[in-house]
Structure formats: structure tokens, C-alpha cells
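Quick look at coords_16.txt (compact mmCIF, C-alpha atoms):
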```txt
# COMPACT_ATOMS: atom_id res chain seq x y z
CA MET A 1 70.94 61.25 105.17
CA ARG A 2 68.49 58.48 105.94
CA ILE A 3 65.04 58.91 104.40
CA VAL A 4 62.09 56.93 105.78
CA SER A 5 58.57 56.88 104.37
CA GLY A 6 55.57 54.54 104.52
CA ILE A 7 52.40 53.91 102.57
CA GLN A 8 49.30 51.99 103.55
CA PRO A 9 48.78 48.85 101.47
CA THR A 10 45.69 49.33 99.36
CA GLY A 11 44.43 47.30 96.42
CA ASN A 12 43.47 48.49 92.96
CA LEU A 13 46.29 50.99 92.59
CA HIS A 14 45.56 53.73 90.11
CA LEU A 15 47.09 56.70 88.36
CA GLY A 16 46.48 58.94 91.37
CA ASN A 17 48.59 56.67 93.60
CA TYR A 18 51.41 56.62 91.06
CA LEU A 19 51.57 60.36 90.43
CA GLY A 20 50.83 61.22 94.06
CA ALA A 21 53.39 59.24 96.06
CA ILE A 22 55.06 56.36 94.26
CA ARG A 23 56.77 58.35 91.52
CA ASN A 24 58.26 60.68 94.12
CA TRP A 25 59.67 57.70 96.05
CA VAL A 26 61.43 56.51 92.90
CA ARG A 27 62.84 59.97 92.28
CA MET A 28 64.20 60.20 95.83
CA GLN A 29 65.65 56.69 95.64
CA ASP A 30 67.55 57.40 92.46
CA GLU A 31 68.76 60.81 93.60
CA PHE A 32 69.71 60.07 97.20
CA THR A 33 71.13 56.57 96.98
CA ALA A 34 73.44 57.75 94.19
CA GLN A 35 74.86 60.20 96.74
CA GLY A 36 75.44 57.45 99.32
CA HIS A 37 72.30 58.10 101.38
CA GLU A 38 69.75 55.49 102.49
CA CYS A 39 66.06 55.18 101.63
CA LEU A 40 63.70 52.99 103.65
CA TYR A 41 60.20 52.46 102.27
CA PHE A 42 57.67 50.38 104.18
CA LEU A 43 54.15 49.05 103.78
CA ALA A 44 52.20 50.32 106.78
CA ASP A 45 50.20 47.18 107.46
CA LEU A 46 50.20 47.80 111.24
CA HIS A 47 48.59 51.16 110.58
CA ALA A 48 45.97 49.48 108.39
CA ILE A 49 44.46 47.58 111.33
CA SER A 50 43.49 50.84 113.04
CA MET A 51 40.39 50.78 110.85
CA PRO A 52 38.00 47.91 110.05
CA HIS A 53 39.58 45.58 107.50
CA THR A 54 39.37 42.12 105.97
CA PRO A 55 42.47 40.08 106.86
CA ALA A 56 42.70 38.25 103.52
CA ASP A 57 42.44 41.55 101.66
CA LEU A 58 45.16 43.14 103.79
CA ALA A 59 47.55 40.28 103.02
CA ALA A 60 46.76 40.39 99.30
CA ASN A 61 46.98 44.18 99.15
CA THR A 62 50.35 44.19 100.92
CA ARG A 63 51.84 41.92 98.28
CA GLU A 64 50.12 43.84 95.49
CA MET A 65 51.60 47.09 96.78
CA VAL A 66 55.08 45.57 96.72
CA ALA A 67 54.51 44.53 93.11
CA ALA A 68 53.34 48.03 92.25
CA LEU A 69 56.28 49.75 93.92
CA VAL A 70 58.82 47.54 92.19
CA ALA A 71 57.01 47.88 88.84
CA CYS A 72 57.09 51.66 89.21
CA GLY A 73 60.83 51.70 89.82
CA ILE A 74 61.56 51.01 93.48
CA ASP A 75 64.69 48.84 93.44
CA PRO A 76 64.95 46.51 96.47
CA ASP A 77 68.72 46.49 96.00
CA LYS A 78 68.92 50.29 96.25
CA SER A 79 66.17 50.91 98.80
CA ILE A 80 65.12 48.94 101.87
CA LEU A 81 61.57 47.80 101.08
CA PHE A 82 59.61 45.95 103.77
CA ASN A 83 56.34 45.73 105.70
CA GLN A 84 55.99 46.76 109.34
CA ALA A 85 54.64 43.43 110.55
CA GLN A 86 57.99 41.75 109.82
CA VAL A 87 59.87 44.29 111.92
CA PRO A 88 58.35 43.95 115.42
CA GLN A 89 60.58 46.73 116.69
CA HIS A 90 58.03 49.21 115.26
CA ALA A 91 55.34 47.99 117.66
CA GLU A 92 57.79 47.66 120.57
CA LEU A 93 59.05 51.21 120.18
CA GLN A 94 55.51 52.52 119.88
CA TRP A 95 54.73 51.10 123.31
CA LEU A 96 57.84 52.67 124.80
CA LEU A 97 56.94 56.03 123.23
CA ASN A 98 53.38 55.82 124.56
CA GLY A 99 54.90 56.72 127.92
CA THR A 100 56.25 59.96 126.46
CA ALA A 101 53.37 60.98 124.19
CA ARG A 102 50.60 63.00 125.82
CA MET A 103 46.83 62.67 125.49
CA GLY A 104 46.54 66.37 124.71
CA TRP A 105 48.97 66.05 121.81
CA LEU A 106 47.02 63.18 120.28
CA ASN A 107 43.66 64.84 120.85
CA ARG A 108 44.80 67.72 118.66
CA MET A 109 45.60 65.49 115.68
CA THR A 110 43.40 66.49 112.75
CA GLN A 111 43.41 63.00 111.24
CA TRP A 112 42.04 61.54 114.48
CA LYS A 113 39.22 64.06 114.49
CA ASP A 114 38.42 63.44 110.83
CA LYS A 115 38.48 59.63 110.91
CA ALA A 116 36.82 59.17 114.28
CA GLY A 117 34.17 61.77 113.51
CA LYS A 118 31.40 62.00 116.07
CA ASN A 119 31.83 58.37 117.12
CA ARG A 120 35.04 58.77 119.10
CA GLU A 121 33.88 56.34 121.77
CA GLY A 122 33.50 53.70 119.07
CA ALA A 123 36.85 54.33 117.38
CA SER A 124 39.75 51.98 118.01
CA VAL A 125 42.56 52.84 120.40
CA ALA A 126 44.90 52.10 117.49
CA LEU A 127 43.38 54.97 115.52
CA PHE A 128 43.99 57.32 118.45
CA THR A 129 47.61 56.20 118.95
CA TYR A 130 48.28 55.96 115.20
CA PRO A 131 50.60 59.03 115.30
CA VAL A 132 52.73 57.44 118.02
CA LEU A 133 53.33 54.45 115.75
CA GLN A 134 54.19 56.91 112.99
CA ALA A 135 56.73 58.48 115.32
CA ALA A 136 58.18 55.05 116.06
CA ASP A 137 58.36 54.31 112.33
CA VAL A 138 60.85 57.11 111.74
CA LEU A 139 62.61 57.43 115.11
CA LEU A 140 63.43 53.71 115.09
CA TYR A 141 65.80 54.22 112.15
CA GLN A 142 67.32 57.52 113.26
CA ALA A 143 65.72 59.02 110.16
CA THR A 144 67.19 62.38 109.24
CA HIS A 145 64.50 63.25 106.71
CA VAL A 146 60.88 62.28 106.09
CA PRO A 147 58.96 63.26 102.95
CA VAL A 148 55.66 64.79 104.00
CA GLY A 149 52.65 66.27 102.29
CA GLU A 150 50.28 68.77 103.83
CA ASP A 151 48.25 66.03 105.55
CA GLN A 152 51.25 64.59 107.42
CA LYS A 153 53.08 67.71 108.59
CA GLN A 154 51.28 67.62 111.94
CA HIS A 155 52.30 64.01 112.56
CA LEU A 156 55.95 64.72 111.81
CA GLU A 157 55.87 67.62 114.26
CA LEU A 158 54.48 65.22 116.86
CA ALA A 159 57.33 62.79 116.16
CA ARG A 160 59.82 65.61 116.72
CA ASP A 161 58.07 66.58 119.97
CA ILE A 162 58.15 62.97 121.21
CA ALA A 163 61.83 62.63 120.32
CA GLN A 164 62.71 65.86 122.08
CA LYS A 165 60.76 65.05 125.26
CA PHE A 166 62.19 61.50 125.41
CA ASN A 167 65.74 62.82 124.96
CA ASN A 168 65.16 65.52 127.59
CA ASP A 169 63.64 63.09 130.10
CA PHE A 170 65.85 60.03 129.65
CA ALA A 171 69.07 60.97 127.84
CA SER A 172 71.76 63.61 127.87
CA GLU A 173 72.19 66.43 125.41
CA ALA A 174 75.54 64.94 124.39
CA ALA A 175 74.08 61.48 123.76
CA PRO A 176 70.43 61.70 122.66
CA VAL A 177 68.59 58.46 121.97
CA PHE A 178 66.65 59.77 118.98
CA THR A 179 67.39 61.94 115.98
CA GLN A 180 64.82 64.63 115.28
CA PRO A 181 63.87 64.17 111.62
CA ASP A 182 63.49 67.09 109.25
CA PRO A 183 60.75 67.23 106.62
CA ILE A 184 61.37 66.87 102.91
CA ILE A 185 58.68 68.76 101.06
CA PRO A 186 58.38 66.89 97.76
CA PRO A 187 57.67 68.69 94.49
CA GLU A 188 53.99 69.49 94.33
CA ALA A 189 52.27 66.28 93.31
CA ALA A 190 49.55 66.43 90.70
CA ARG A 191 46.11 66.18 92.27
CA ILE A 192 44.46 63.56 90.11
CA MET A 193 40.68 63.69 89.99
CA SER A 194 37.99 61.27 88.84
CA LEU A 195 37.50 60.89 85.09
CA ARG A 196 33.75 61.09 85.74
CA ASP A 197 33.72 64.00 88.17
CA GLY A 198 36.46 66.62 88.16
CA SER A 199 35.55 67.74 91.68
CA ALA A 200 36.23 64.31 93.29
CA LYS A 201 39.61 62.65 93.76
CA MET A 202 40.41 59.57 91.72
CA SER A 203 39.65 56.71 94.10
CA LYS A 204 39.56 52.94 94.17
CA SER A 205 36.33 53.16 96.19
CA ASP A 206 34.42 54.85 93.36
CA PRO A 207 31.88 52.27 92.14
CA SER A 208 32.59 53.20 88.52
CA ASP A 209 35.77 51.67 87.10
CA MET A 210 35.54 54.28 84.34
CA SER A 211 36.43 56.93 86.93
CA ARG A 212 40.06 55.85 87.19
CA ILE A 213 43.08 54.55 85.30
CA ASN A 214 44.23 51.40 87.08
CA LEU A 215 47.83 50.19 86.91
CA THR A 216 46.37 46.90 85.69
CA ASP A 217 44.56 48.50 82.72
CA ASP A 218 45.79 47.49 79.28
CA ALA A 219 46.30 49.90 76.39
CA ASP A 220 42.81 49.49 74.94
CA THR A 221 41.18 50.05 78.32
CA ILE A 222 43.21 53.20 78.95
CA MET A 223 42.28 54.64 75.56
CA THR A 224 38.61 53.82 76.09
CA LYS A 225 38.52 55.43 79.54
CA ILE A 226 40.20 58.60 78.34
CA LYS A 227 37.93 58.91 75.30
CA LYS A 228 34.87 58.49 77.51
CA ALA A 229 36.16 60.80 80.26
CA LYS A 230 33.75 63.58 81.13
CA THR A 231 34.55 66.94 79.51
CA ASP A 232 32.70 70.07 78.41
CA PRO A 233 31.89 71.33 74.90
CA GLU A 234 34.41 74.20 74.88
CA PRO A 235 37.88 73.93 73.28
CA LEU A 236 40.92 74.06 75.50
CA PRO A 237 42.03 77.58 76.45
CA SER A 238 45.44 78.96 75.60
CA GLU A 239 46.12 80.09 79.16
CA LYS A 240 45.76 78.42 82.57
CA ALA A 241 43.23 80.98 83.78
CA GLY A 242 40.85 79.69 81.14
CA LEU A 243 40.54 76.39 83.02
CA GLU A 244 38.82 78.10 85.96
CA GLY A 245 35.37 76.61 86.46
CA ARG A 246 36.18 73.71 84.13
CA PRO A 247 37.21 70.93 86.56
CA GLU A 248 37.15 68.04 84.07
CA ALA A 249 39.20 69.93 81.50
CA ALA A 250 41.66 71.04 84.19
CA ASN A 251 42.01 67.46 85.39
CA LEU A 252 42.84 66.03 81.98
CA VAL A 253 45.32 68.81 81.24
CA GLY A 254 46.90 68.27 84.67
CA ILE A 255 47.26 64.55 84.02
CA TYR A 256 48.95 65.25 80.70
CA ALA A 257 51.35 67.73 82.29
CA ALA A 258 52.22 65.35 85.13
CA MET A 259 52.84 62.39 82.85
CA ALA A 260 54.86 64.43 80.35
CA GLY A 261 56.90 66.10 83.08
CA THR A 262 55.92 69.55 81.87
CA SER A 263 53.69 72.43 82.98
CA VAL A 264 50.00 73.07 82.44
CA GLU A 265 50.99 76.24 80.59
CA ALA A 266 53.16 74.24 78.19
CA VAL A 267 50.34 71.77 77.52
CA LEU A 268 47.93 74.60 76.76
CA GLY A 269 50.56 76.20 74.57
CA GLU A 270 50.45 73.07 72.43
CA PHE A 271 46.75 72.24 72.58
CA GLY A 272 45.09 75.61 73.27
CA GLY A 273 42.23 76.17 70.85
CA SER A 274 41.91 72.44 70.14
CA GLY A 275 38.86 70.43 71.00
CA PHE A 276 38.91 67.24 73.06
CA GLY A 277 38.67 65.25 69.84
CA ARG A 278 42.34 66.06 69.33
CA PHE A 279 43.47 66.26 72.95
CA LYS A 280 42.00 63.03 74.32
CA PRO A 281 43.74 60.68 71.84
CA ALA A 282 47.05 62.45 72.53
CA LEU A 283 46.54 62.04 76.28
CA GLY A 284 45.58 58.39 75.87
CA GLU A 285 48.68 57.67 73.79
CA LEU A 286 50.90 59.39 76.34
CA LEU A 287 49.41 57.35 79.20
CA VAL A 288 49.74 54.10 77.27
CA ASP A 289 53.37 54.89 76.41
CA ARG A 290 54.35 55.72 80.00
CA LEU A 291 52.24 53.12 81.81
CA ALA A 292 52.69 50.12 79.51
CA PRO A 293 56.09 49.06 80.97
CA ILE A 294 54.76 49.55 84.51
CA ASN A 295 51.62 47.58 83.71
CA ALA A 296 53.54 44.67 82.19
CA ARG A 297 55.93 44.45 85.12
CA PHE A 298 53.13 44.84 87.68
CA VAL A 299 50.92 42.15 86.15
CA ASP A 300 53.87 39.76 86.00
CA LEU A 301 55.09 40.45 89.54
CA ARG A 302 51.74 40.34 91.32
CA GLN A 303 51.33 36.72 90.25
CA ASP A 304 54.67 35.67 91.74
CA ARG A 305 53.90 35.45 95.46
CA ALA A 306 57.22 33.76 96.27
CA ALA A 307 59.20 36.60 94.69
CA LEU A 308 57.17 39.23 96.53
CA ASP A 309 57.59 37.44 99.86
CA THR A 310 61.33 37.21 99.24
CA ILE A 311 61.56 40.96 98.58
CA LEU A 312 59.72 41.69 101.83
CA ALA A 313 61.77 39.20 103.86
CA LYS A 314 65.10 40.56 102.63
CA GLY A 315 64.02 44.13 103.21
CA ALA A 316 62.75 43.31 106.69
CA ALA A 317 66.05 41.66 107.63
CA ARG A 318 67.93 44.80 106.61
CA ALA A 319 65.43 47.01 108.46
CA ARG A 320 65.68 44.93 111.66
CA ALA A 321 69.46 45.26 111.62
CA LEU A 322 69.08 49.04 111.65
CA ALA A 323 66.21 49.04 114.15
CA VAL A 324 67.59 46.86 116.95
CA PRO A 325 70.34 49.22 118.22
CA THR A 326 67.93 52.14 118.59
CA LEU A 327 65.34 49.99 120.36
CA GLU A 328 67.92 48.65 122.79
CA ARG A 329 69.08 52.17 123.61
CA ALA A 330 65.48 53.17 124.28
CA TYR A 331 64.93 50.22 126.64
CA ALA A 332 68.18 51.03 128.47
CA ALA A 333 67.32 54.73 128.74
CA LEU A 334 64.00 53.84 130.37
CA GLY A 335 65.68 51.56 132.92
CA LEU A 336 64.07 48.38 131.60
CA VAL A 337 66.08 45.24 132.38
CA ARG A 338 66.63 43.18 129.23
CA GLY A 339 68.93 40.42 130.53
```

Taking this structure as input, can you express it in the form of C-alpha cells?
Amino acid sequence: MRIVSGIQPTGNLHLGNYLGAIRNWVRMQDEFTAQGHECLYFLADLHAISMPHTPADLAANTREMVAALVACGIDPDKSILFNQAQVPQHAELQWLLNGTARMGWLNRMTQWKDKAGKNREGASVALFTYPVLQAADVLLYQATHVPVGEDQKQHLELARDIAQKFNNDFASEAAPVFTQPDPIIPPEAARIMSLRDGSAKMSKSDPSDMSRINLTDDADTIMTKIKKAKTDPEPLPSEKAGLEGRPEAANLVGIYAAMAGTSVEAVLGEFGGSGFGRFKPALGELLVDRLAPINARFVDLRQDRAALDTILAKGAARARALAVPTLERAYAALGLVRG
């Protein structure tokens, strides 16, 4: 098996990022590499330029994301960790695949419709062809499996369609150029909501820092944010159904369950009937206990630019070694003379 997955480099990483994607990457790394499989994880900085951005922020956020991934448990010696911009084969293969992808396929992409909105004429071409680059990201490495959530299933199907059409048009059934990757549906990730509004996702763009737990927060800050998190006056129920219509309570219980590696039902079995005066300190202590080692490592790493650049460079070298043979086969299949 060869597992490939990417994440856009964003600053101000928070608890939602950790419980949503990063922790699952670590789990896959430890499970699959122990069985002799390969995991490639990349920072999707080429994807990031499909939307307006500040160059200095993109560079800083890319390095910060590397620090966060390593702090959370991604081991550059076990996994191949790199950023797209250092592996130009991603962009080259995207161009070759643009000849196979079809306008109708891309027009149907939900993410394109959502992000472009009503201003499609003003959206970048990169945003429209974003899914073709995603296809190149995985097909380049002959990925056998790609972890996908609900929002990326459509893009993986497109990658499979592109691979199949390219193989049908330019290769033989006995010697296909590309492997069609299968999805890995990760365990359901906790949906982490704002500490100030249980109906809104935890986000770095929220103007209130009290709405999120940042990976850079120290123990005192975490405890303060949890104690001041919005709740309601009712005690916690003893059963999950009792959380219906109580978004803030459901969010805090969900965070506890995710961090403790248990179920919402088990948390309510322990705290049902208790008020938030008992539950919040317990949640704060759990978060501090689990996040303190990550925080310490993250804060230390993010200040060492040379170490972060070395991690990316070494990962990129390993990625290029895997990418080049596939790219050359694609050029040859298309009849392009390479000299």
C-alpha cells in the first residue's frame, strides 16, 4: 500500500485541525508503516495559490504546518513529509492531465461551485483546475489509497476517472500508466465547534481568540478558555439524546470524548447529572494533559527555521525519486519527446 494525503498550509492551528485531520495521519503512519507500507504527506502550497493569499504568510504558514505535524507525531523518518512546491512533478503532471480532464467534469465539482460562488468569471483558473492538481498529487506516486472525508470523495472519483481515461487512451490494459487509488474512509472525526457558538465550526478566522484552543496555547490559557466557554444552565444529561438542542454542551462533551478516546455515551455515564462547574475543570485538565507535549514541541520547532527547511528538503528529495518514473511514463505515453 502507498497512502498519499495533503493538507493546505494554514496558520494558527487549533484543536479542530488536530482532531480533524492531523491525529488521523499519525494513526495511519504508525499503523501502516509498521506493516511495511508507505505514507506520503504533503503541504498543498500549490493549491493555496488558487485563492488570494499573502506570499509571506504562505511561506510562514508552510513552515508552521510542518512544525505542527511533527509536534503532533508525524515522523519524517517514517513518513515522507514535503511541500508541493519542492516537487515540480506535481505541476508538470497536472498540465499533462489537463489534456485528459474534461470541462464538464470540472464544472460539476461542488467545491468549485461553492468557492467561486456567483463570481465565476472573476475566479482564478487555478481554482477551476484545482481537482486536476489533486489528481496529479496522488496519481504521481501510484497511490493505492487516499484518506478522504465527505468533502473530498468527489475529487477522488475525478482522479480515478482521469486515470482510467488516460490509461484507456494512451496505454494498454496490461501496462497502465496510472494506478486507480481506492479511498480510505477514516474513523469519523470529531466535529469541533467554536467555544463561543456551538453552531459554528472552530476556526482561525473567528475574530475572538476565546472561540478556539490553539496549539500554541499554554496550560493557563487552555483552562481559562474552557472555563469561559459558552454553556447553558442545565446539568449534563445521562444519555446522548439529552444533548439535542444544546449545541455548546454537545460540543464540550464531544471534545472530551475525542481527546479521551472514548464515546459521548461513556462521558455522559461519568458526568451525567453534573453541572459545568465540575465538567469544565475536568475537560480543561484533560486538554492540558494531552496537548502540553504537543504545545512544547510545536513552540520549540516553529522557531527553528533551518530544521523545518531540512525536513521539507529531505522529504521532497524522497518524493521526487518516487515521482520521476511516473512522470516520464506519462510523457512517453503522450508521445512527447524528452531527449

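Closest approach to A:Gly11 from the set A:Thr110, A:Asp57, A:Glu270, A:Tyr41 is made by A:Asp57, with distances taken over all atoms listed in the file.
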
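The closest residue to A:Asp197, picked from A:Gln152, A:Asn167, A:Asn251, A:Gln29 and counting all atoms listed in the file, is A:Asn251.
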
### Message
Need to verify the contact set: A:Cys72, 8 Å, all atoms listed in the file, exclusion of same-chain residues closer than 3 positions in sequence. Can you return it as an MDAnalysis selection string?
### Response
chainID A and resid 18 22:23 26 68:69 294

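As for atom CA of A:Ala229 and atom CA of A:Leu195, they are spaced 5.0 Å apart.
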
### Summary
With distances taken over only C-alpha atoms, the candidate from A:His37, A:His53, A:Arg63, A:Lys204 nearest A:Ala307 is A:Arg63

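Distance annotation: of A:Lys165, A:Arg302, A:His90, A:His155, the residue with the minimal separation from A:Trp112 is A:His155; atom set is only C-alpha atoms.
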
Repaired coordinates for stretch 282-301 of chain A (N, CA, C and O atoms) as a PDB file, in the coordinates of the input:
```
ATOM      1  N   ALA A 282      45.650  62.164  72.188  1.00  0.00           N
ATOM      2  CA  ALA A 282      47.050  62.450  72.530  1.00  0.00           C
ATOM      3  C   ALA A 282      47.330  62.082  73.981  1.00  0.00           C
ATOM      4  O   ALA A 282      48.384  61.510  74.302  1.00  0.00           O
ATOM      5  N   LEU A 283      46.380  62.403  74.876  1.00  0.00           N
ATOM      6  CA  LEU A 283      46.540  62.040  76.280  1.00  0.00           C
ATOM      7  C   LEU A 283      46.550  60.531  76.448  1.00  0.00           C
ATOM      8  O   LEU A 283      47.382  59.979  77.192  1.00  0.00           O
ATOM      9  N   GLY A 284      45.637  59.847  75.778  1.00  0.00           N
ATOM     10  CA  GLY A 284      45.580  58.390  75.870  1.00  0.00           C
ATOM     11  C   GLY A 284      46.877  57.739  75.411  1.00  0.00           C
ATOM     12  O   GLY A 284      47.392  56.821  76.057  1.00  0.00           O
ATOM     13  N   GLU A 285      47.427  58.237  74.312  1.00  0.00           N
ATOM     14  CA  GLU A 285      48.680  57.670  73.790  1.00  0.00           C
ATOM     15  C   GLU A 285      49.839  57.912  74.754  1.00  0.00           C
ATOM     16  O   GLU A 285      50.701  57.039  74.945  1.00  0.00           O
ATOM     17  N   LEU A 286      49.849  59.097  75.364  1.00  0.00           N
ATOM     18  CA  LEU A 286      50.900  59.390  76.340  1.00  0.00           C
ATOM     19  C   LEU A 286      50.803  58.453  77.538  1.00  0.00           C
ATOM     20  O   LEU A 286      51.822  57.898  77.995  1.00  0.00           O
ATOM     21  N   LEU A 287      49.603  58.237  78.056  1.00  0.00           N
ATOM     22  CA  LEU A 287      49.410  57.350  79.200  1.00  0.00           C
ATOM     23  C   LEU A 287      49.812  55.920  78.852  1.00  0.00           C
ATOM     24  O   LEU A 287      50.488  55.247  79.640  1.00  0.00           O
ATOM     25  N   VAL A 288      49.398  55.461  77.688  1.00  0.00           N
ATOM     26  CA  VAL A 288      49.740  54.100  77.270  1.00  0.00           C
ATOM     27  C   VAL A 288      51.260  53.948  77.179  1.00  0.00           C
ATOM     28  O   VAL A 288      51.843  52.967  77.659  1.00  0.00           O
ATOM     29  N   ASP A 289      51.913  54.949  76.584  1.00  0.00           N
ATOM     30  CA  ASP A 289      53.370  54.890  76.410  1.00  0.00           C
ATOM     31  C   ASP A 289      54.090  54.829  77.747  1.00  0.00           C
ATOM     32  O   ASP A 289      55.030  54.037  77.924  1.00  0.00           O
ATOM     33  N   ARG A 290      53.641  55.648  78.709  1.00  0.00           N
ATOM     34  CA  ARG A 290      54.350  55.720  80.000  1.00  0.00           C
ATOM     35  C   ARG A 290      53.945  54.594  80.950  1.00  0.00           C
ATOM     36  O   ARG A 290      54.756  54.177  81.788  1.00  0.00           O
ATOM     37  N   LEU A 291      52.717  54.124  80.849  1.00  0.00           N
ATOM     38  CA  LEU A 291      52.240  53.120  81.810  1.00  0.00           C
ATOM     39  C   LEU A 291      52.411  51.685  81.328  1.00  0.00           C
ATOM     40  O   LEU A 291      52.378  50.763  82.145  1.00  0.00           O
ATOM     41  N   ALA A 292      52.592  51.489  80.029  1.00  0.00           N
ATOM     42  CA  ALA A 292      52.690  50.120  79.510  1.00  0.00           C
ATOM     43  C   ALA A 292      53.810  49.307  80.164  1.00  0.00           C
ATOM     44  O   ALA A 292      53.584  48.158  80.577  1.00  0.00           O
ATOM     45  N   PRO A 293      55.024  49.852  80.308  1.00  0.00           N
ATOM     46  CA  PRO A 293      56.090  49.060  80.970  1.00  0.00           C
ATOM     47  C   PRO A 293      55.758  48.770  82.432  1.00  0.00           C
ATOM     48  O   PRO A 293      56.050  47.681  82.935  1.00  0.00           O
ATOM     49  N   ILE A 294      55.147  49.751  83.116  1.00  0.00           N
ATOM     50  CA  ILE A 294      54.760  49.550  84.510  1.00  0.00           C
ATOM     51  C   ILE A 294      53.685  48.474  84.598  1.00  0.00           C
ATOM     52  O   ILE A 294      53.743  47.566  85.430  1.00  0.00           O
ATOM     53  N   ASN A 295      52.700  48.561  83.720  1.00  0.00           N
ATOM     54  CA  ASN A 295      51.620  47.580  83.710  1.00  0.00           C
ATOM     55  C   ASN A 295      52.137  46.174  83.486  1.00  0.00           C
ATOM     56  O   ASN A 295      51.762  45.237  84.209  1.00  0.00           O
ATOM     57  N   ALA A 296      53.020  46.004  82.509  1.00  0.00           N
ATOM     58  CA  ALA A 296      53.540  44.670  82.190  1.00  0.00           C
ATOM     59  C   ALA A 296      54.312  44.084  83.367  1.00  0.00           C
ATOM     60  O   ALA A 296      54.147  42.912  83.723  1.00  0.00           O
ATOM     61  N   ARG A 297      55.147  44.907  83.979  1.00  0.00           N
ATOM     62  CA  ARG A 297      55.930  44.450  85.120  1.00  0.00           C
ATOM     63  C   ARG A 297      55.036  44.141  86.318  1.00  0.00           C
ATOM     64  O   ARG A 297      55.222  43.146  87.027  1.00  0.00           O
ATOM     65  N   PHE A 298      54.050  45.001  86.556  1.00  0.00           N
ATOM     66  CA  PHE A 298      53.130  44.840  87.680  1.00  0.00           C
ATOM     67  C   PHE A 298      52.322  43.553  87.545  1.00  0.00           C
ATOM     68  O   PHE A 298      52.222  42.755  88.482  1.00  0.00           O
ATOM     69  N   VAL A 299      51.745  43.344  86.378  1.00  0.00           N
ATOM     70  CA  VAL A 299      50.920  42.150  86.150  1.00  0.00           C
ATOM     71  C   VAL A 299      51.745  40.885  86.327  1.00  0.00           C
ATOM     72  O   VAL A 299      51.288  39.888  86.898  1.00  0.00           O
ATOM     73  N   ASP A 300      52.990  40.930  85.872  1.00  0.00           N
ATOM     74  CA  ASP A 300      53.870  39.760  86.000  1.00  0.00           C
ATOM     75  C   ASP A 300      54.245  39.520  87.455  1.00  0.00           C
ATOM     76  O   ASP A 300      54.182  38.391  87.954  1.00  0.00           O
ATOM     77  N   LEU A 301      54.623  40.581  88.160  1.00  0.00           N
ATOM     78  CA  LEU A 301      55.090  40.450  89.540  1.00  0.00           C
ATOM     79  C   LEU A 301      53.991  40.030  90.500  1.00  0.00           C
ATOM     80  O   LEU A 301      54.222  39.219  91.399  1.00  0.00           O
TER      81      LEU A 301
END
```
